$ cat query.txt   # compact mmCIF, C-alpha atoms and all ligand atoms
# COMPACT_ATOMS: atom_id res chain seq x y z
CA MET A 5 3.65 14.05 30.96
CA SER A 6 2.82 11.21 28.52
CA THR A 7 5.44 8.79 27.23
CA LEU A 8 5.64 7.49 23.67
CA LEU A 9 7.75 4.49 22.77
CA LEU A 10 9.22 4.45 19.25
CA VAL A 11 9.59 0.85 18.07
CA VAL A 12 11.41 0.85 14.72
CA PRO A 13 14.55 -0.76 13.25
CA SER A 14 17.67 1.01 14.58
CA HIS A 15 18.52 2.56 11.17
CA TRP A 16 15.16 4.39 11.19
CA THR A 17 15.60 5.88 14.67
CA GLY A 18 17.31 9.11 13.60
CA VAL A 19 14.67 9.84 10.99
CA TRP A 20 11.87 9.74 13.57
CA THR A 21 13.32 11.11 16.82
CA GLY A 22 13.88 14.65 15.44
CA PRO A 23 10.30 15.20 14.25
CA LEU A 24 8.92 13.56 17.42
CA ALA A 25 11.04 15.90 19.60
CA GLU A 26 9.44 18.85 17.80
CA ILE A 27 6.04 17.84 19.19
CA GLY A 28 7.20 19.55 22.35
CA PRO A 29 8.09 18.92 25.98
CA GLN A 30 4.64 17.49 26.80
CA LEU A 31 5.68 14.19 25.16
CA ASN A 32 8.53 12.11 26.54
CA VAL A 33 9.91 9.94 23.70
CA ARG A 34 11.76 6.70 24.44
CA VAL A 35 13.31 4.48 21.76
CA HIS A 36 12.93 0.71 22.06
CA GLY A 37 16.34 -0.97 21.88
CA ARG A 38 18.21 2.28 22.62
CA ASP A 39 16.76 3.80 25.80
CA GLU A 40 16.00 2.31 29.18
CA TYR A 41 12.31 2.51 30.01
CA ASP A 42 9.81 1.07 32.45
CA ALA A 43 7.16 -0.87 30.48
CA ASP A 44 4.45 0.40 32.87
CA ASP A 45 5.23 4.04 31.97
CA ILE A 46 4.48 3.76 28.26
CA ASP A 47 1.22 5.45 27.17
CA TYR A 48 1.61 5.40 23.38
CA VAL A 49 3.58 3.50 20.75
CA LEU A 50 4.61 4.51 17.24
CA THR A 51 5.69 1.55 15.15
CA PHE A 52 5.42 -0.32 11.83
CA ARG A 53 6.67 -3.91 12.27
CA PRO A 54 7.33 -4.32 16.01
CA PRO A 55 9.22 -7.38 17.25
CA HIS A 56 6.61 -9.85 18.50
CA GLY A 57 5.73 -9.55 22.18
CA VAL A 58 7.07 -6.02 22.76
CA LEU A 59 3.67 -4.30 22.72
CA LYS A 60 2.09 -6.97 24.92
CA SER A 61 4.60 -6.15 27.67
CA LEU A 62 3.33 -2.52 27.89
CA SER A 63 0.65 -2.91 30.54
CA HIS A 64 -0.65 0.70 30.42
CA LEU A 65 -0.54 1.18 26.65
CA LYS A 66 -3.42 3.45 25.59
CA VAL A 67 -3.03 3.79 21.80
CA THR A 68 -0.77 2.29 19.13
CA PHE A 69 -0.02 4.52 16.12
CA SER A 70 1.12 2.92 12.86
CA LEU A 71 3.64 4.98 10.96
CA GLY A 72 2.32 3.52 7.69
CA ALA A 73 -1.09 3.26 6.04
CA GLY A 74 -0.98 -0.53 6.31
CA VAL A 75 -1.08 -2.24 9.71
CA ASP A 76 -0.35 -5.84 8.67
CA GLY A 77 3.13 -5.64 10.23
CA ILE A 78 1.60 -4.77 13.61
CA LEU A 79 -1.27 -7.25 13.52
CA ALA A 80 1.19 -9.98 12.44
CA ASP A 81 2.31 -10.06 16.09
CA PRO A 82 0.19 -12.89 17.55
CA GLU A 83 0.57 -11.29 20.99
CA TYR A 84 -0.53 -7.81 19.89
CA PRO A 85 -2.93 -6.51 22.59
CA ARG A 86 -6.06 -6.24 20.42
CA GLN A 87 -8.05 -4.26 23.00
CA VAL A 88 -5.65 -1.30 22.53
CA PRO A 89 -6.89 1.08 19.78
CA LEU A 90 -4.67 0.91 16.69
CA VAL A 91 -4.59 4.09 14.58
CA ARG A 92 -3.24 3.89 11.03
CA PHE A 93 -1.54 6.77 9.21
CA VAL A 94 -3.88 8.39 6.70
CA ASP A 95 -2.38 11.31 4.83
CA ARG A 96 -3.68 12.91 1.64
CA THR A 97 -0.14 13.54 0.33
CA LEU A 98 0.78 9.88 0.80
CA SER A 99 -2.43 8.84 -0.98
CA ARG A 100 -1.65 11.25 -3.84
CA GLU A 101 1.85 9.78 -4.22
CA MET A 102 0.39 6.27 -4.32
CA ALA A 103 -2.08 7.38 -7.00
CA GLN A 104 0.77 9.01 -8.98
CA TYR A 105 2.72 5.74 -8.92
CA CYS A 106 -0.27 3.81 -10.23
CA VAL A 107 -1.12 6.39 -12.91
CA MET A 108 2.53 6.42 -14.03
CA HIS A 109 2.62 2.63 -14.52
CA VAL A 110 -0.77 2.55 -16.21
CA LEU A 111 0.49 5.20 -18.66
CA ILE A 112 3.89 3.56 -19.22
CA HIS A 113 2.06 0.35 -20.12
CA TYR A 114 -0.81 1.90 -22.07
CA ARG A 115 1.47 4.32 -24.00
CA MET A 116 3.89 1.43 -24.85
CA GLN A 117 6.81 3.36 -23.34
CA ARG A 118 8.98 0.21 -22.95
CA PHE A 119 8.65 -0.40 -26.72
CA PHE A 120 9.83 3.17 -27.46
CA ASP A 121 12.68 2.84 -24.93
CA ARG A 122 13.93 -0.22 -26.82
CA ALA A 123 13.55 1.58 -30.16
CA GLN A 124 15.57 4.53 -28.86
CA ALA A 125 18.31 2.17 -27.65
CA GLU A 126 18.51 0.89 -31.26
CA ARG A 127 18.32 4.46 -32.72
CA ALA A 128 15.20 3.22 -34.57
CA TRP A 129 12.35 5.57 -35.60
CA ARG A 130 9.54 3.12 -34.87
CA GLN A 131 6.18 4.90 -35.05
CA ALA A 132 3.48 2.65 -33.65
CA LEU A 133 -0.17 3.26 -32.97
CA LEU A 134 -1.53 2.80 -29.48
CA PRO A 135 -3.49 -0.46 -29.53
CA LYS A 136 -6.63 1.12 -28.00
CA ARG A 137 -8.07 4.44 -26.86
CA ALA A 138 -8.05 5.09 -23.09
CA GLN A 139 -11.84 4.80 -22.90
CA ASP A 140 -11.55 1.28 -24.33
CA THR A 141 -8.92 0.30 -21.73
CA ARG A 142 -10.48 -1.13 -18.59
CA VAL A 143 -8.59 -0.53 -15.35
CA GLY A 144 -9.65 -2.54 -12.29
CA ILE A 145 -8.63 -1.59 -8.76
CA LEU A 146 -8.64 -4.20 -6.00
CA GLY A 147 -9.45 -2.14 -2.87
CA LEU A 148 -11.51 1.02 -3.23
CA GLY A 149 -10.46 2.65 0.07
CA GLU A 150 -8.53 5.89 0.68
CA ILE A 151 -5.85 5.22 -1.92
CA GLY A 152 -7.87 3.07 -4.31
CA THR A 153 -10.60 5.70 -4.60
CA LEU A 154 -8.15 8.53 -5.33
CA THR A 155 -6.35 6.37 -7.90
CA ALA A 156 -9.67 5.46 -9.53
CA GLU A 157 -10.64 9.14 -9.77
CA ARG A 158 -7.29 10.13 -11.30
CA LEU A 159 -7.53 7.37 -13.94
CA ARG A 160 -11.19 8.14 -14.64
CA ASP A 161 -10.16 11.76 -15.29
CA LEU A 162 -7.65 10.47 -17.87
CA HIS A 163 -10.63 8.80 -19.60
CA PHE A 164 -9.85 5.20 -18.71
CA THR A 165 -12.84 2.96 -17.98
CA VAL A 166 -12.38 2.29 -14.28
CA ALA A 167 -13.92 -0.18 -11.83
CA GLY A 168 -13.11 -1.07 -8.23
CA TRP A 169 -13.61 -4.12 -6.06
CA SER A 170 -14.15 -3.88 -2.30
CA ARG A 171 -16.00 -5.71 0.46
CA ASN A 172 -18.86 -3.21 0.50
CA ARG A 173 -20.22 -1.48 -2.59
CA ARG A 174 -18.68 1.98 -3.03
CA ASN A 175 -20.18 5.04 -4.65
CA VAL A 176 -17.44 6.78 -6.66
CA SER A 177 -18.69 8.94 -9.52
CA GLY A 178 -17.82 7.44 -12.92
CA VAL A 179 -16.31 4.28 -11.39
CA GLU A 180 -18.14 0.94 -11.50
CA SER A 181 -18.22 -0.75 -8.11
CA PHE A 182 -18.00 -4.52 -7.60
CA ALA A 183 -18.33 -5.96 -4.11
CA GLY A 184 -17.51 -9.21 -2.35
CA GLU A 185 -16.33 -12.65 -3.40
CA ASN A 186 -19.36 -13.23 -5.64
CA GLU A 187 -18.50 -10.32 -7.94
CA LEU A 188 -14.73 -10.86 -8.13
CA SER A 189 -14.82 -13.04 -11.28
CA THR A 190 -16.98 -10.55 -13.20
CA PHE A 191 -14.68 -7.72 -12.11
CA LEU A 192 -11.57 -9.63 -13.25
CA ALA A 193 -13.10 -10.61 -16.61
CA ARG A 194 -13.55 -6.88 -17.48
CA THR A 195 -10.07 -5.77 -16.34
CA ASP A 196 -7.19 -5.06 -18.76
CA ILE A 197 -4.96 -3.40 -16.16
CA LEU A 198 -5.27 -4.69 -12.59
CA ILE A 199 -4.00 -2.59 -9.65
CA CYS A 200 -3.80 -4.13 -6.16
CA LEU A 201 -4.47 -1.60 -3.39
CA LEU A 202 -5.85 -3.98 -0.77
CA PRO A 203 -4.72 -4.17 2.84
CA LEU A 204 -2.91 -7.42 3.65
CA THR A 205 -5.28 -9.54 5.76
CA PRO A 206 -5.93 -13.29 6.10
CA ASP A 207 -8.63 -12.85 3.39
CA THR A 208 -6.39 -11.07 0.89
CA ARG A 209 -3.06 -12.86 1.42
CA GLU A 210 -1.87 -14.45 -1.87
CA ILE A 211 -4.98 -13.19 -3.68
CA LEU A 212 -2.81 -12.48 -6.75
CA ASN A 213 -2.35 -16.12 -7.71
CA ALA A 214 -2.60 -18.39 -10.77
CA ASP A 215 -6.38 -18.81 -10.38
CA LEU A 216 -6.94 -15.03 -10.32
CA PHE A 217 -4.58 -14.39 -13.26
CA ALA A 218 -6.44 -17.02 -15.32
CA GLN A 219 -9.64 -14.97 -14.86
CA LEU A 220 -8.10 -11.84 -16.38
CA PRO A 221 -8.40 -11.33 -20.14
CA ALA A 222 -5.41 -12.25 -22.33
CA ASP A 223 -2.67 -9.57 -22.32
CA ALA A 224 -3.78 -8.07 -18.99
CA PHE A 225 -1.16 -6.12 -17.03
CA VAL A 226 -0.75 -6.28 -13.23
CA ILE A 227 0.41 -3.55 -10.83
CA ASN A 228 1.00 -4.54 -7.19
CA VAL A 229 1.62 -1.59 -4.92
CA ALA A 230 -0.04 -2.90 -1.75
CA ARG A 231 1.99 -5.65 -0.04
CA GLY A 232 4.29 -8.42 -1.22
CA GLY A 233 2.15 -10.94 0.68
CA HIS A 234 -0.69 -10.37 -1.81
CA LEU A 235 1.30 -11.86 -4.67
CA VAL A 236 2.44 -15.41 -5.44
CA GLU A 237 5.53 -14.36 -7.39
CA PRO A 238 6.12 -17.69 -9.24
CA ASP A 239 2.45 -17.67 -10.39
CA LEU A 240 2.91 -14.17 -11.82
CA MET A 241 6.06 -15.12 -13.72
CA ALA A 242 4.39 -18.29 -15.06
CA ALA A 243 1.36 -16.27 -16.26
CA ILE A 244 3.65 -13.78 -18.03
CA ASP A 245 5.98 -16.43 -19.47
CA SER A 246 3.01 -18.41 -20.84
CA GLY A 247 1.98 -15.25 -22.74
CA HIS A 248 -1.32 -14.87 -20.88
CA LEU A 249 -0.30 -11.68 -19.03
CA SER A 250 1.62 -8.94 -20.83
CA GLY A 251 3.69 -7.84 -17.82
CA ALA A 252 3.70 -6.31 -14.36
CA ALA A 253 4.96 -3.43 -12.25
CA LEU A 254 5.81 -4.34 -8.65
CA ASP A 255 6.70 -2.06 -5.73
CA VAL A 256 6.34 -4.64 -2.94
CA PHE A 257 7.72 -8.15 -2.56
CA HIS A 258 7.43 -11.35 -0.55
CA THR A 259 10.93 -10.70 0.83
CA GLU A 260 12.18 -7.09 1.17
CA PRO A 261 14.77 -6.05 0.21
CA LEU A 262 14.20 -8.18 -2.90
CA PRO A 263 17.01 -10.78 -2.81
CA GLU A 264 19.75 -10.24 -5.38
CA GLY A 265 19.07 -13.69 -6.83
CA SER A 266 15.37 -13.04 -7.49
CA PRO A 267 14.42 -13.64 -11.16
CA LEU A 268 12.07 -10.64 -10.89
CA TRP A 269 15.04 -8.24 -11.14
CA SER A 270 15.89 -9.22 -14.69
CA HIS A 271 12.52 -10.25 -16.11
CA PRO A 272 12.07 -8.24 -19.32
CA LYS A 273 8.34 -7.72 -18.75
CA ILE A 274 8.46 -6.83 -15.06
CA THR A 275 9.31 -3.43 -13.59
CA VAL A 276 10.71 -3.53 -10.05
CA THR A 277 10.79 -0.58 -7.63
CA PRO A 278 12.03 -0.86 -4.00
CA HIS A 279 8.82 -0.14 -2.00
CA ILE A 280 8.95 3.57 -2.75
CA ALA A 281 5.50 4.25 -4.19
CA ALA A 282 4.86 6.46 -1.16
CA ILE A 283 6.85 6.84 2.03
CA SER A 284 5.38 8.39 5.19
CA GLU A 285 6.87 11.85 5.76
CA PRO A 286 8.19 11.78 9.38
CA ARG A 287 7.29 15.43 10.13
CA VAL A 288 3.73 14.94 8.90
CA ALA A 289 3.38 11.61 10.69
CA ALA A 290 4.75 13.06 13.96
CA GLN A 291 2.20 15.88 13.80
CA TYR A 292 -0.51 13.31 13.04
CA VAL A 293 0.50 11.39 16.18
CA ALA A 294 0.55 14.61 18.25
CA ASP A 295 -2.94 15.51 17.00
CA GLY A 296 -4.18 11.98 17.75
CA ILE A 297 -2.78 12.06 21.28
CA ALA A 298 -4.30 15.52 21.93
CA ARG A 299 -7.66 14.31 20.63
CA PHE A 300 -7.48 11.17 22.79
CA GLU A 301 -6.48 13.15 25.90
CA ARG A 302 -9.39 15.56 25.36
CA GLY A 303 -11.66 12.50 25.47
CA GLU A 304 -12.60 12.77 21.77
CA ALA A 305 -12.93 9.80 19.42
CA LEU A 306 -9.76 8.76 17.61
CA GLU A 307 -9.75 8.84 13.80
CA ASN A 308 -8.70 6.04 11.43
CA VAL A 309 -8.92 3.31 14.05
CA VAL A 310 -8.34 -0.19 12.64
CA ASP A 311 -10.77 -3.03 13.28
CA PRO A 312 -8.44 -5.87 14.35
CA ALA A 313 -11.08 -8.47 13.47
CA ARG A 314 -11.19 -7.21 9.84
CA GLY A 315 -7.43 -6.65 9.80
CA TYR A 316 -7.61 -3.12 8.31
N1 LIG B 1 3.76 0.54 -1.53
C1 LIG B 1 3.64 1.52 -0.67
O1 LIG B 1 4.55 2.36 -0.57
C2 LIG B 1 2.37 1.67 0.17
C3 LIG B 1 2.13 2.90 0.81
C4 LIG B 1 0.91 3.08 1.48
C5 LIG B 1 -0.03 2.04 1.53
N2 LIG B 1 0.23 0.84 0.93
C6 LIG B 1 -0.75 -0.25 0.97
O2 LIG B 1 -2.02 0.20 0.46
C7 LIG B 1 -3.04 -0.44 1.23
C8 LIG B 1 -4.37 0.27 1.04
O3 LIG B 1 -4.38 1.49 1.78
P1 LIG B 1 -5.73 2.35 1.98
O4 LIG B 1 -5.37 3.49 2.84
O5 LIG B 1 -6.37 2.62 0.66
O6 LIG B 1 -6.64 1.29 2.77
P2 LIG B 1 -8.19 1.40 3.17
O7 LIG B 1 -8.66 2.81 3.08
O8 LIG B 1 -8.36 0.65 4.43
O9 LIG B 1 -8.94 0.61 1.97
C9 LIG B 1 -8.91 -0.78 1.87
C10 LIG B 1 -9.85 -1.22 0.74
O10 LIG B 1 -9.71 -2.63 0.55
C11 LIG B 1 -10.99 -3.25 0.63
N3 LIG B 1 -10.87 -4.61 1.18
C12 LIG B 1 -10.28 -5.01 2.34
N4 LIG B 1 -10.42 -6.33 2.50
C13 LIG B 1 -11.12 -6.77 1.42
C14 LIG B 1 -11.58 -8.05 1.02
N5 LIG B 1 -11.37 -9.14 1.76
N6 LIG B 1 -12.29 -8.13 -0.13
C15 LIG B 1 -12.54 -7.03 -0.87
N7 LIG B 1 -12.12 -5.78 -0.56
C16 LIG B 1 -11.41 -5.67 0.58
C17 LIG B 1 -11.79 -2.35 1.55
O11 LIG B 1 -13.17 -2.63 1.34
P3 LIG B 1 -14.34 -1.74 2.04
O12 LIG B 1 -14.28 -0.39 1.33
O13 LIG B 1 -15.57 -2.47 1.72
O14 LIG B 1 -13.99 -1.66 3.50
C18 LIG B 1 -11.32 -0.97 1.09
O15 LIG B 1 -12.03 -0.58 -0.07
C19 LIG B 1 -2.46 -0.43 2.65
O16 LIG B 1 -3.06 -1.41 3.47
C20 LIG B 1 -0.99 -0.71 2.41
O17 LIG B 1 -0.74 -2.10 2.50
C21 LIG B 1 1.41 0.64 0.23

$ encode --input "query.txt" --output "structure tokens"
Amino acid sequence: MSTLLLVVPSHWTGVWTGPLAEIGPQLNVRVHGRDEYDADDIDYVLTFRPPHGVLKSLSHLKVTFSLGAGVDGILADPEYPRQVPLVRFVDRTLSREMAQYCVMHVLIHYRMQRFFDRAQAERAWRQALLPKRAQDTRVGILGLGEIGTLTAERLRDLHFTVAGWSRNRRNVSGVESFAGENELSTFLARTDILICLLPLTPDTREILNADLFAQLPADAFVINVARGGHLVEPDLMAAIDSGHLSGAALDVFHTEPLPEGSPLWSHPKITVTPHIAAISEPRVAAQYVADGIARFERGEALENVVDPARGY
């Protein structure tokens, strides 16, 4: 029988142990911090942000499964055993929910919904024309991977003019593709609404900074739904307060939960949500892990394996 170690904060344990138990008796599940276990007996790990050093101590670890799409919290452990395959969670429903979040905030901004909310609060009948047609509104997506591509397709189908930026050039019908550092400035200069869907790596950390904002056209709007580490929060507020950017929608933050004293909470041009754009469904993720283990034990290649050198 194989043994899987669940390494999550204690308040998450109950959410995950039920669905993992449903995998069946062929998988023995131990919980780090709750159960006694022999480090040499652990075959698999399911985790998101493990305490540093825990995974290194598992001498017979065969595969690490991330319970999220991003693996930055796992690779942040300097002692993470990089020879062990790391599988990230890729789920079409999760990607769809991420795309929904992005489409919603593009539409709230583009359709001036905040303006009409304020008018309603004042019982004022304020008819206003949309400043542009969708086809004249240029959306730019940083990261044209699983989620970025789906988001680009959804926005393209709503008639926005959509482009994406990635390391390698991508072929997505009706979406202009920019690739690499050399094309970032041109991509930014044509972007009215910027959506960050990059993985957090040493190359992308703090990419949303004053220099990048200065390269966006006046009145651009920013949506960060990837990781808080992508954004320099004071640079964003300065770019909005100077009038250069028109506002932002943020789902992820440098410190989570967002501290009560953060000025982001009350900024009139910033929408804050508590990292809820898409949350991995434990039943689906547990089945994904079971399928991955079965595949691995049949000697087949694992899917969605992360390249630790690239960081995603
Ligand atoms: N807020 C939430 O609730 C939530 C939920 C799920 C995921 N997320 C975040 O969303 C991120 C994206 O997920 P995904 O599944 O779409 O990832 P993915 O499929 O791995 O796609 C990553 C994209 O980013 C590009 N990229 C990576 N490094 C780059 C660099 N240095 N320069 C330019 N492009 C770069 C990749 O380029 P190539 O195509 O050339 O490889 C790829 O297009 C995750 O890492 C996670 O942090 C957030």

$ atom_distance --input "query.txt" --atom1 "CA of Phe52 in chain A" --atom2 "CA of Leu31 in chain A"
19.7 Å

$ residues_around --input "query.txt" --residues "Gln117 in chain A" --least-positions-apart "6" --cutoff "12 Å" --atoms "only C-alpha atoms" --output "PyMOL selection string"
chain A and resi 108-111+123-124+130-134

$ residues_near_ligand --input "query.txt" --ligand "ligand LIG 1 (chain B)" --cutoff "7 Å" --atoms "all atoms listed in the file" --output "PDB file with C-alpha atoms, in the coordinates of the input"
ATOM      1  CA  GLY A  72       2.320   3.520   7.690  1.00  0.00           C
ATOM      2  CA  ALA A  73      -1.090   3.260   6.040  1.00  0.00           C
ATOM      3  CA  GLY A  74      -0.980  -0.530   6.310  1.00  0.00           C
ATOM      4  CA  VAL A  75      -1.080  -2.240   9.710  1.00  0.00           C
ATOM      5  CA  VAL A  94      -3.880   8.390   6.700  1.00  0.00           C
ATOM      6  CA  LEU A  98       0.780   9.880   0.800  1.00  0.00           C
ATOM      7  CA  MET A 102       0.390   6.270  -4.320  1.00  0.00           C
ATOM      8  CA  LEU A 146      -8.640  -4.200  -6.000  1.00  0.00           C
ATOM      9  CA  GLY A 147      -9.450  -2.140  -2.870  1.00  0.00           C
ATOM     10  CA  LEU A 148     -11.510   1.020  -3.230  1.00  0.00           C
ATOM     11  CA  GLY A 149     -10.460   2.650   0.070  1.00  0.00           C
ATOM     12  CA  GLU A 150      -8.530   5.890   0.680  1.00  0.00           C
ATOM     13  CA  ILE A 151      -5.850   5.220  -1.920  1.00  0.00           C
ATOM     14  CA  GLY A 152      -7.870   3.070  -4.310  1.00  0.00           C
ATOM     15  CA  TRP A 169     -13.610  -4.120  -6.060  1.00  0.00           C
ATOM     16  CA  SER A 170     -14.150  -3.880  -2.300  1.00  0.00           C
ATOM     17  CA  ARG A 171     -16.000  -5.710   0.460  1.00  0.00           C
ATOM     18  CA  ASN A 172     -18.860  -3.210   0.500  1.00  0.00           C
ATOM     19  CA  ARG A 173     -20.220  -1.480  -2.590  1.00  0.00           C
ATOM     20  CA  ARG A 174     -18.680   1.980  -3.030  1.00  0.00           C
ATOM     21  CA  ALA A 183     -18.330  -5.960  -4.110  1.00  0.00           C
ATOM     22  CA  GLY A 184     -17.510  -9.210  -2.350  1.00  0.00           C
ATOM     23  CA  GLU A 185     -16.330 -12.650  -3.400  1.00  0.00           C
ATOM     24  CA  LEU A 201      -4.470  -1.600  -3.390  1.00  0.00           C
ATOM     25  CA  LEU A 202      -5.850  -3.980  -0.770  1.00  0.00           C
ATOM     26  CA  PRO A 203      -4.720  -4.170   2.840  1.00  0.00           C
ATOM     27  CA  LEU A 204      -2.910  -7.420   3.650  1.00  0.00           C
ATOM     28  CA  THR A 205      -5.280  -9.540   5.760  1.00  0.00           C
ATOM     29  CA  ASP A 207      -8.630 -12.850   3.390  1.00  0.00           C
ATOM     30  CA  THR A 208      -6.390 -11.070   0.890  1.00  0.00           C
ATOM     31  CA  VAL A 229       1.620  -1.590  -4.920  1.00  0.00           C
ATOM     32  CA  ALA A 230      -0.040  -2.900  -1.750  1.00  0.00           C
ATOM     33  CA  ARG A 231       1.990  -5.650  -0.040  1.00  0.00           C
ATOM     34  CA  ASP A 255       6.700  -2.060  -5.730  1.00  0.00           C
ATOM     35  CA  VAL A 256       6.340  -4.640  -2.940  1.00  0.00           C
ATOM     36  CA  HIS A 279       8.820  -0.140  -2.000  1.00  0.00           C
ATOM     37  CA  ILE A 280       8.950   3.570  -2.750  1.00  0.00           C
ATOM     38  CA  ALA A 281       5.500   4.250  -4.190  1.00  0.00           C
ATOM     39  CA  ALA A 282       4.860   6.460  -1.160  1.00  0.00           C
ATOM     40  CA  ILE A 283       6.850   6.840   2.030  1.00  0.00           C
ATOM     41  CA  TYR A 316      -7.610  -3.120   8.310  1.00  0.00           C
TER      42      TYR A 316
END

$ closest_residue --input "query.txt" --among "A:Ala313, A:Ala103, A:Val226, A:Ala290" --to "Gly28 in chain A" --atoms "only C-alpha atoms"
A:Ala290

$ residues_around --input "query.txt" --residues "Asp215 in chain A" --least-positions-apart "4" --cutoff "12 Å" --atoms "all atoms listed in the file" --output "VMD selection string"
chain A and resid 188 to 189 192 210 to 211 219 to 220 235 to 236 239 to 240 242 to 243

$ closest_residue --input "query.txt" --among "A:Thr155, A:Ser63, A:Thr51, A:Ser284" --to "Tyr105 in chain A" --atoms "all atoms listed in the file"
A:Thr155

$ build_atoms --input "query.txt" --residues "range 300-306 of chain A" --atoms "all heavy atoms" --output "PDB file, in the frame of the given file"
ATOM      1  N   PHE A 300      -7.210  12.252  21.839  1.00  0.00           N
ATOM      2  CA  PHE A 300      -7.480  11.170  22.790  1.00  0.00           C
ATOM      3  C   PHE A 300      -7.516  11.729  24.220  1.00  0.00           C
ATOM      4  O   PHE A 300      -8.402  11.390  25.012  1.00  0.00           O
ATOM      5  CB  PHE A 300      -6.386  10.105  22.658  1.00  0.00           C
ATOM      6  CG  PHE A 300      -6.547   8.948  23.590  1.00  0.00           C
ATOM      7  CD1 PHE A 300      -7.484   7.959  23.338  1.00  0.00           C
ATOM      8  CD2 PHE A 300      -5.761   8.851  24.733  1.00  0.00           C
ATOM      9  CE1 PHE A 300      -7.638   6.890  24.201  1.00  0.00           C
ATOM     10  CE2 PHE A 300      -5.905   7.789  25.599  1.00  0.00           C
ATOM     11  CZ  PHE A 300      -6.856   6.803  25.335  1.00  0.00           C
ATOM     12  N   GLU A 301      -6.571  12.635  24.525  1.00  0.00           N
ATOM     13  CA  GLU A 301      -6.480  13.150  25.900  1.00  0.00           C
ATOM     14  C   GLU A 301      -7.596  14.153  26.208  1.00  0.00           C
ATOM     15  O   GLU A 301      -7.896  14.400  27.378  1.00  0.00           O
ATOM     16  CB  GLU A 301      -5.075  13.712  26.163  1.00  0.00           C
ATOM     17  CG  GLU A 301      -4.063  12.557  26.122  1.00  0.00           C
ATOM     18  CD  GLU A 301      -2.643  12.912  26.548  1.00  0.00           C
ATOM     19  OE1 GLU A 301      -2.344  14.110  26.697  1.00  0.00           O
ATOM     20  OE2 GLU A 301      -1.842  11.972  26.725  1.00  0.00           O
ATOM     21  N   ARG A 302      -8.210  14.710  25.151  1.00  0.00           N
ATOM     22  CA  ARG A 302      -9.390  15.560  25.360  1.00  0.00           C
ATOM     23  C   ARG A 302     -10.660  14.719  25.496  1.00  0.00           C
ATOM     24  O   ARG A 302     -11.754  15.242  25.666  1.00  0.00           O
ATOM     25  CB  ARG A 302      -9.581  16.520  24.175  1.00  0.00           C
ATOM     26  CG  ARG A 302      -8.581  17.670  24.128  1.00  0.00           C
ATOM     27  CD  ARG A 302      -9.041  18.757  23.166  1.00  0.00           C
ATOM     28  NE  ARG A 302      -9.252  18.259  21.825  1.00  0.00           N
ATOM     29  CZ  ARG A 302      -8.335  18.300  20.840  1.00  0.00           C
ATOM     30  NH1 ARG A 302      -7.146  18.820  21.073  1.00  0.00           N
ATOM     31  NH2 ARG A 302      -8.609  17.826  19.649  1.00  0.00           N
ATOM     32  N   GLY A 303     -10.505  13.403  25.346  1.00  0.00           N
ATOM     33  CA  GLY A 303     -11.660  12.500  25.470  1.00  0.00           C
ATOM     34  C   GLY A 303     -12.472  12.392  24.189  1.00  0.00           C
ATOM     35  O   GLY A 303     -13.586  11.882  24.191  1.00  0.00           O
ATOM     36  N   GLU A 304     -11.886  12.862  23.052  1.00  0.00           N
ATOM     37  CA  GLU A 304     -12.600  12.770  21.770  1.00  0.00           C
ATOM     38  C   GLU A 304     -12.270  11.446  21.078  1.00  0.00           C
ATOM     39  O   GLU A 304     -11.266  10.803  21.385  1.00  0.00           O
ATOM     40  CB  GLU A 304     -12.172  13.940  20.855  1.00  0.00           C
ATOM     41  CG  GLU A 304     -12.584  15.283  21.412  1.00  0.00           C
ATOM     42  CD  GLU A 304     -11.970  16.440  20.632  1.00  0.00           C
ATOM     43  OE1 GLU A 304     -11.520  16.231  19.500  1.00  0.00           O
ATOM     44  OE2 GLU A 304     -11.935  17.551  21.193  1.00  0.00           O
ATOM     45  N   ALA A 305     -13.130  11.080  20.119  1.00  0.00           N
ATOM     46  CA  ALA A 305     -12.930   9.800  19.420  1.00  0.00           C
ATOM     47  C   ALA A 305     -11.697   9.897  18.524  1.00  0.00           C
ATOM     48  O   ALA A 305     -11.458  10.918  17.877  1.00  0.00           O
ATOM     49  CB  ALA A 305     -14.163   9.498  18.567  1.00  0.00           C
ATOM     50  N   LEU A 306     -10.922   8.831  18.503  1.00  0.00           N
ATOM     51  CA  LEU A 306      -9.760   8.760  17.610  1.00  0.00           C
ATOM     52  C   LEU A 306     -10.228   8.565  16.172  1.00  0.00           C
ATOM     53  O   LEU A 306     -11.305   7.990  15.945  1.00  0.00           O
ATOM     54  CB  LEU A 306      -8.879   7.565  18.011  1.00  0.00           C
ATOM     55  CG  LEU A 306      -8.104   7.710  19.312  1.00  0.00           C
ATOM     56  CD1 LEU A 306      -7.648   6.334  19.805  1.00  0.00           C
ATOM     57  CD2 LEU A 306      -6.891   8.613  19.101  1.00  0.00           C
TER      58      LEU A 306
END
